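Read the structure below first, then the notes.
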Amino acid sequence: MAVVAIVPAWMLADGEYVGLGVGEQVTTGLALAVTGTSASASAEPADPPGLRQAGEQPGFTTARGRVECPHDGDGVRAGTVLCAGTWAVVPFAATPLRPGEDVVVSGWLTAEPYLWAADGVLARAVPAGRADWRVARVSCVVDGADPAEIGRLPDEATVDPDAAYLLELVPAD
């Protein structure tokens, strides 16, 4: 399944994903800037665990799954993860979620290089949270306008601090 993930301008200014372009491969995890939460019992019973994205708001995602607080092999707590079908997503900017709770959350899906760093505690505890992706499309949104395709993410010197950058990611072959 393809997903659209946001790369915030500040992340580019920090040097992450700089110059990443269409056709290139990236290994990363995902996070969700949660704007709404409900118990999964209130969701449609036919909705399986997983992620859904609305085309009219690129990057806006609804995830249904179970909240887990995994530990790495050394017993170190790795944080909070929403296990949504085959997806493992870090929920952030949310009201506290209880381990074991089944929830439906909505918010902005973000490519997350820091929490899912290859040598980090979260990647060791939940290896499925990091995936290999191929970039299918790169676009930029400024001042609420429609996304404009740009082909490649800018570097630190040319990033627009007021823009949102979007990566359409497909599983790498």
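All residue names refer to the structure tokens as shown: chains lettered A, B, ... in order, residues numbered from 1 in each chain, ligands numbered from 1 in order.
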- Any idea what's packed within 7 Å of region 156-169 of chain A, counting only C-alpha atoms, ignoring anything in its chain fewer than 6 positions away? Could you give it as a PyMOL selection string? chain A and resi 2-10+12-13+15+133-142
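Proximity to Phe92 (chain A) was assessed for A:Ala39, A:Val105, A:Val34, A:Val121 counting only C-alpha atoms; the smallest distance is recorded for A:Val34.
Proximity of A:Thr28, A:Thr61, A:Pro48, A:Met11 to Gly107 (chain A), computed with only C-alpha atoms, is greatest for A:Thr61.
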- Query: In region 102-155 of chain A, what's alpha helix (DSSP H) per DSSP? Answer as a PyMOL selection string?
  - Reply: chain A and resi 121-125
- Item | Selection: 12 Å around Leu115 (chain A), only C-alpha atoms, excl. self and same-chain fewer than 3 positions, as a list in words | Thr28, Gly29, Leu30, Ala31, Leu32, Ala78, Gly79, Thr80, Val81, Val89, Val90, Pro91, Phe92, Thr110, Ala111, Glu112, Ala118, Asp119, Gly120, Val121, Leu122, Ala123, Arg124, Ala125, Val126, Gly129 and Arg130 of chain A
- If we count only C-alpha atoms, what is near Gly36 (chain A) at a cut-off of 12 Å, once residues fewer than 6 positions away on the same chain are taken out, given as a VMD selection string? chain A and resid 60 to 64 91 to 97 103 to 108
- Mind giving me the straight-line distance from CA of Leu82 (chain A) to CA of Ala131 (chain A) in Å, one decimal? 15.5 Å
